[in-house]
$ cat final10.cif   # mmCIF, C-alpha atoms and all ligand atoms
data_target
loop_
_atom_site.label_atom_id
_atom_site.label_comp_id
_atom_site.auth_asym_id
_atom_site.auth_seq_id
_atom_site.Cartn_x
_atom_site.Cartn_y
_atom_site.Cartn_z
CA MET A 84 124.15 99.04 73.71
CA ARG A 85 120.50 99.98 74.16
CA LYS A 86 119.07 99.09 77.55
CA PRO A 87 115.56 97.68 77.06
CA PHE A 88 112.79 99.66 78.71
CA ILE A 89 109.65 97.89 79.92
CA CYS A 90 107.06 100.48 80.92
CA GLY A 91 103.57 99.97 82.29
CA ASN A 92 100.79 102.24 81.10
CA TRP A 93 98.06 101.91 83.70
CA LYS A 94 95.67 104.15 81.72
CA MET A 95 92.52 105.12 83.66
CA ASN A 96 92.69 102.20 86.09
CA THR A 97 93.35 101.45 89.78
CA ASN A 98 92.25 103.21 92.91
CA ARG A 99 94.77 104.73 95.30
CA ALA A 100 95.34 101.58 97.38
CA GLU A 101 95.70 99.43 94.26
CA ALA A 102 98.10 101.94 92.73
CA VAL A 103 100.35 101.89 95.79
CA ALA A 104 100.33 98.08 96.03
CA LEU A 105 101.07 97.75 92.30
CA ALA A 106 103.85 100.34 92.53
CA GLU A 107 105.46 98.51 95.45
CA ALA A 108 105.35 95.16 93.66
CA THR A 109 106.59 96.68 90.40
CA ALA A 110 109.43 98.50 92.18
CA ALA A 111 110.46 95.20 93.79
CA ALA A 112 110.45 93.50 90.36
CA ALA A 113 112.48 96.39 88.92
CA ALA A 114 115.08 95.99 91.66
CA GLU A 115 115.67 92.37 90.62
CA VAL A 116 116.93 93.13 87.12
CA THR A 117 119.82 95.24 85.96
CA VAL A 118 119.68 94.55 82.23
CA VAL A 119 116.21 96.07 81.83
CA GLU A 120 114.92 99.49 82.84
CA VAL A 121 111.41 99.39 84.31
CA GLY A 122 108.80 102.14 84.41
CA ALA A 123 105.22 102.81 85.42
CA CYS A 124 102.81 105.51 84.25
CA PRO A 125 99.88 105.66 86.69
CA PRO A 126 96.88 107.98 86.52
CA ALA A 127 98.03 111.53 87.28
CA CYS A 128 96.10 111.72 90.55
CA TYR A 129 98.13 108.81 91.95
CA LEU A 130 101.54 109.94 90.72
CA GLU A 131 102.58 111.29 94.07
CA ALA A 132 101.64 108.07 95.90
CA VAL A 133 103.40 105.96 93.26
CA LEU A 134 106.50 108.16 93.34
CA ALA A 135 106.64 107.74 97.11
CA ALA A 136 106.42 103.96 96.74
CA ALA A 137 109.14 104.03 94.07
CA GLN A 138 111.54 106.17 96.07
CA GLY A 139 114.94 104.54 96.52
CA THR A 140 114.15 101.89 93.88
CA PRO A 141 115.11 101.86 90.20
CA LEU A 142 111.45 102.19 89.10
CA VAL A 143 111.01 105.09 86.67
CA VAL A 144 107.71 106.93 87.06
CA GLY A 145 106.06 108.94 84.32
CA GLY A 146 102.91 110.73 83.23
CA GLN A 147 100.49 109.39 80.62
CA ASN A 148 100.04 112.75 78.93
CA MET A 149 100.66 116.48 79.39
CA TYR A 150 99.80 119.79 77.78
CA PHE A 151 102.43 121.85 75.96
CA GLN A 152 101.84 125.14 77.76
CA GLU A 153 103.67 125.68 81.05
CA LYS A 154 100.68 127.13 82.87
CA GLY A 155 97.50 129.07 82.36
CA ALA A 156 93.79 128.78 81.72
CA PHE A 157 93.69 125.19 80.42
CA THR A 158 91.09 123.52 82.61
CA GLY A 159 91.72 119.85 83.19
CA GLU A 160 95.24 119.81 81.74
CA ILE A 161 98.56 119.02 83.41
CA ALA A 162 101.76 120.86 82.49
CA GLY A 163 105.12 119.20 81.96
CA PRO A 164 106.78 121.22 84.74
CA MET A 165 104.12 119.90 87.12
CA LEU A 166 105.07 116.31 86.27
CA ALA A 167 108.76 117.15 86.63
CA ASP A 168 108.09 118.92 89.93
CA LEU A 169 106.52 115.76 91.33
CA GLY A 170 109.58 113.74 90.35
CA CYS A 171 108.49 112.20 87.05
CA THR A 172 111.28 111.69 84.54
CA THR A 173 109.28 110.54 81.55
CA VAL A 174 105.91 111.07 79.87
CA ILE A 175 103.93 109.12 77.28
CA LEU A 176 102.98 111.34 74.32
CA GLY A 177 100.85 110.64 71.27
CA HIS A 178 99.37 107.43 72.62
CA SER A 179 96.84 106.03 70.15
CA GLU A 180 94.04 106.69 72.64
CA ARG A 181 95.09 110.35 72.72
CA ARG A 182 95.27 110.41 68.92
CA HIS A 183 92.08 108.51 68.17
CA VAL A 184 89.77 108.92 71.19
CA PHE A 185 90.73 112.52 71.96
CA GLY A 186 91.64 113.60 68.43
CA GLU A 187 95.19 114.82 69.08
CA PRO A 188 96.85 115.78 65.79
CA ASP A 189 100.53 115.40 64.91
CA ASP A 190 101.36 119.09 65.35
CA LEU A 191 99.96 119.12 68.90
CA ILE A 192 101.99 116.04 69.77
CA SER A 193 105.10 117.70 68.34
CA LYS A 194 104.56 120.73 70.60
CA LYS A 195 104.21 118.41 73.58
CA VAL A 196 107.47 116.63 72.70
CA HIS A 197 109.32 119.97 72.69
CA ALA A 198 107.63 121.05 75.91
CA ALA A 199 108.59 117.77 77.60
CA PHE A 200 112.27 118.23 76.74
CA ALA A 201 112.11 121.86 77.87
CA CYS A 202 111.27 120.73 81.40
CA GLY A 203 113.62 117.75 81.52
CA LEU A 204 111.14 114.96 80.79
CA LYS A 205 112.06 112.21 78.32
CA PRO A 206 109.11 111.53 76.06
CA ILE A 207 107.89 108.11 75.05
CA LEU A 208 106.52 108.95 71.60
CA CYS A 209 103.85 106.48 70.46
CA VAL A 210 103.41 105.77 66.77
CA GLY A 211 101.39 103.18 64.90
CA GLU A 212 98.80 102.42 62.26
CA LEU A 213 95.09 101.58 62.38
CA ILE A 214 93.94 98.22 61.03
CA GLU A 215 92.42 99.87 57.91
CA GLN A 216 95.75 101.56 57.25
CA ARG A 217 97.64 98.26 57.59
CA ARG A 218 95.17 96.54 55.26
CA ALA A 219 95.57 99.36 52.74
CA GLY A 220 99.36 98.95 52.82
CA GLU A 221 99.82 102.32 54.53
CA THR A 222 101.72 101.20 57.63
CA GLU A 223 105.03 102.74 56.59
CA THR A 224 103.41 105.98 55.42
CA VAL A 225 101.60 106.43 58.75
CA VAL A 226 104.60 105.47 60.87
CA ARG A 227 106.86 107.76 58.82
CA ARG A 228 104.47 110.68 59.40
CA HIS A 229 104.21 110.00 63.15
CA VAL A 230 107.99 109.70 63.55
CA ALA A 231 108.89 112.65 61.31
CA THR A 232 106.40 115.06 62.88
CA GLY A 233 107.08 113.78 66.41
CA LEU A 234 110.81 114.43 66.05
CA GLU A 235 110.55 117.63 64.00
CA GLY A 236 112.94 120.29 65.22
CA LEU A 237 114.62 118.12 67.86
CA SER A 238 118.36 118.43 68.32
CA PRO A 239 120.39 115.23 67.82
CA GLU A 240 120.86 115.04 71.62
CA GLN A 241 117.10 115.20 72.17
CA ALA A 242 116.36 112.72 69.40
CA ALA A 243 118.87 110.28 70.87
CA ALA A 244 117.14 110.51 74.25
CA ILE A 245 113.59 109.94 73.02
CA VAL A 246 111.92 106.55 73.35
CA ILE A 247 109.69 105.56 70.44
CA ALA A 248 106.88 103.09 71.11
CA TYR A 249 105.61 101.29 68.02
CA GLU A 250 102.05 100.38 68.88
CA PRO A 251 99.91 99.05 66.04
CA VAL A 252 96.46 100.29 67.05
CA TRP A 253 94.83 96.99 66.11
CA ALA A 254 96.96 95.21 68.72
CA ILE A 255 96.19 97.53 71.64
CA GLY A 256 93.91 95.99 74.23
CA THR A 257 92.63 93.47 71.70
CA GLY A 258 94.63 90.41 72.72
CA GLU A 259 95.92 90.31 69.14
CA THR A 260 99.67 90.90 69.15
CA ALA A 261 101.80 91.73 66.14
CA THR A 262 103.97 88.73 65.38
CA PRO A 263 107.64 89.21 66.27
CA ASP A 264 108.36 89.36 62.55
CA GLN A 265 105.67 91.99 61.84
CA ALA A 266 106.91 94.12 64.73
CA GLN A 267 110.60 93.71 63.87
CA LYS A 268 109.96 94.87 60.28
CA VAL A 269 108.38 98.13 61.46
CA HIS A 270 111.05 98.65 64.14
CA ALA A 271 113.78 98.22 61.52
CA PHE A 272 111.90 100.66 59.27
CA ILE A 273 111.78 103.23 62.12
CA ARG A 274 115.53 102.85 62.55
CA THR A 275 116.10 103.58 58.85
CA LEU A 276 113.89 106.66 59.22
CA LEU A 277 116.01 107.82 62.16
CA ALA A 278 119.16 107.28 60.09
CA ASP A 279 117.65 109.41 57.29
CA LEU A 280 116.50 112.15 59.67
CA TYR A 281 119.75 112.17 61.69
CA ASP A 282 122.47 109.59 61.16
CA ALA A 283 123.18 105.88 61.47
CA ARG A 284 124.85 106.18 64.87
CA LEU A 285 121.91 108.03 66.36
CA ALA A 286 119.51 105.50 64.81
CA GLN A 287 121.35 102.74 66.65
CA ALA A 288 121.11 104.60 69.97
CA VAL A 289 117.34 105.21 70.07
CA ARG A 290 115.23 102.76 72.02
CA ILE A 291 112.13 101.52 70.20
CA GLN A 292 109.55 99.75 72.36
CA TYR A 293 106.80 97.52 71.05
CA GLY A 294 103.29 97.90 72.48
CA GLY A 295 100.04 96.05 71.90
CA SER A 296 98.85 93.07 73.95
CA VAL A 297 102.30 92.25 75.33
CA LYS A 298 101.97 89.48 77.90
CA PRO A 299 104.27 86.97 79.62
CA GLU A 300 103.56 84.38 76.90
CA ASN A 301 104.72 86.54 73.97
CA ALA A 302 107.28 88.85 75.62
CA TYR A 303 110.31 86.59 75.11
CA ASP A 304 109.81 86.11 71.37
CA LEU A 305 109.17 89.81 70.81
CA MET A 306 112.19 90.88 72.88
CA ARG A 307 114.48 88.47 71.01
CA GLU A 308 114.08 90.61 67.90
CA PRO A 309 117.14 92.79 67.33
CA ASP A 310 115.32 96.11 66.96
CA ILE A 311 112.77 95.68 69.77
CA ASP A 312 114.10 97.42 72.87
CA GLY A 313 111.41 96.78 75.42
CA ALA A 314 107.67 97.21 75.65
CA LEU A 315 104.91 99.61 76.56
CA VAL A 316 102.45 97.40 78.40
CA GLY A 317 98.82 98.24 79.14
CA GLY A 318 96.54 95.51 80.49
CA ALA A 319 99.29 93.15 81.64
CA SER A 320 100.98 95.90 83.65
CA LEU A 321 97.96 96.07 85.97
CA LYS A 322 98.70 92.67 87.44
CA ALA A 323 101.93 92.66 89.41
CA ASP A 324 102.65 88.99 88.62
CA SER A 325 102.20 89.28 84.88
CA PHE A 326 104.21 92.51 84.68
CA ALA A 327 107.03 90.95 86.71
CA ALA A 328 106.95 87.94 84.38
CA ILE A 329 107.24 90.25 81.33
CA ILE A 330 110.24 91.98 82.92
CA ALA A 331 111.86 88.60 83.62
CA GLU A 332 111.20 87.39 80.05
CA ALA A 333 112.72 90.56 78.61
CA ALA A 334 115.79 90.19 80.82
CA LYS A 335 116.17 86.57 79.73
CA ALA A 336 115.77 87.45 76.03
CA LYS A 337 118.27 90.31 76.13
CA ARG A 338 120.84 88.46 78.23
CA LEU A 339 121.26 85.69 75.65
P1 LIG A 401 97.78 96.74 75.92
O1 LIG A 401 98.04 98.33 75.80
O2 LIG A 401 99.06 96.13 76.43
O3 LIG A 401 96.65 96.60 76.88
O4 LIG A 401 97.45 96.25 74.54
C1 LIG A 401 99.26 98.82 75.33
C2 LIG A 401 99.22 100.33 75.30
O5 LIG A 401 98.16 100.91 75.04
O6 LIG A 401 100.25 101.00 75.57
#
$ encode --input "final10.cif" --output "structure tokens"
Amino acid sequence: MRKPFICGNWKMNTNRAEAVALAEATAAAAAEVTVVEVGACPPACYLEAVLAAAQGTPLVVGGQNMYFQEKGAFTGEIAGPMLADLGCTTVILGHSERRHVFGEPDDLISKKVHAAFACGLKPILCVGELIEQRRAGETETVVRRHVATGLEGLSPEQAAAIVIAYEPVWAIGTGETATPDQAQKVHAFIRTLLADLYDARLAQAVRIQYGGSVKPENAYDLMREPDIDGALVGGASLKADSFAAIIAEAAKAKRL
């Protein structure tokens, strides 16, 4: 049984006081559900404050990005061991904003995935197509490349522990969500890829989140789909009420 994982990606938002208040409210919402795992990825400079607010609660706290080297002359970067040292247990890698705004290529993301495992962090590997790619019928080609390169060289144990977030780029921050059917099709495709790369049992164990304009109004229908195991939530994770509502909708959908 895969436990759904609802994780907030706060991106470059909040100030310190807002981050602490949001972390407290999110931790309280996380403590109310047992069928769903809940996480938050705040800006790196507020990780310590958020981790303190999450202490003693089931809220999982993670980084939004990291570099693959352990230390050295890499101005502005954060190393995986630094995130782990603070108490993070997960890290988002290959987010579409990293890929498309900051130009991160697949091989860099692959190095980061290995570096995350090396220091005990579980990566949330983001994959997903641009609107032009969807229109050109290239969704599966792009997703296959992201998944295959992101998982390259991982042991079966590591691959089973990874979380994949399918985030169609055209749905991120646009208010336009993939329909449950559109998302389910790609999630099922990712599971067949995992079965090809590893085996059917492993494919059934990996959690695949959906991301892209998830909100309280669409969370239930998305989470009812058999291959959607939670969500990576941007905008709606910044409001404690809407994030708590998404968590509650996911719990309701998965309990039935
Ligand atoms: P959104 O962002 O929920 O604001 O669309 C999702 C994401 O970028 O992870």
$ residues_near_ligand --input "final10.cif" --ligand "ligand LIG 401 (chain A)" --cutoff "10 Å" --atoms "only C-alpha atoms and all ligand atoms" --output "number ranges by chain"
A: 90-94, 147, 175, 178-180, 209, 248-260, 292-298, 314-321
$ residues_around --input "final10.cif" --residues "stretch 276-287 of chain A" --least-positions-apart "5" --cutoff "12 Å" --atoms "all atoms listed in the file" --output "number ranges by chain"
A: 84-86, 223-224, 226-247, 269-271, 309-312
$ closest_residue --input "final10.cif" --among "A:Pro126, A:Met306, A:Pro87, A:Arg338" --to "A:Asp264" --atoms "all atoms listed in the file"
A:Met306
$ atom_distance --input "final10.cif" --atom1 "atom CA of A:Asn148" --atom2 "atom CA of A:Val133"
16.2 Å
$ closest_residue --input "final10.cif" --among "A:Ala102, A:Leu208, A:Ala156, A:Ala333" --to "A:Leu176" --atoms "all atoms listed in the file"
A:Leu208
$ closest_residue --input "final10.cif" --among "A:Ser325, A:Asn98, A:Gln152, A:Thr275" --to "A:Cys128" --atoms "only C-alpha atoms"
A:Asn98
$ residues_around --input "final10.cif" --residues "A:Glu107" --least-positions-apart "5" --cutoff "10 Å" --atoms "all atoms listed in the file" --output "list in words"
Glu101, Ala102, Ala112, Ala113, Val133, Leu134, Ala135, Ala136, Ala137, Gln138, Thr140, Leu142 and Ala323 of chain A
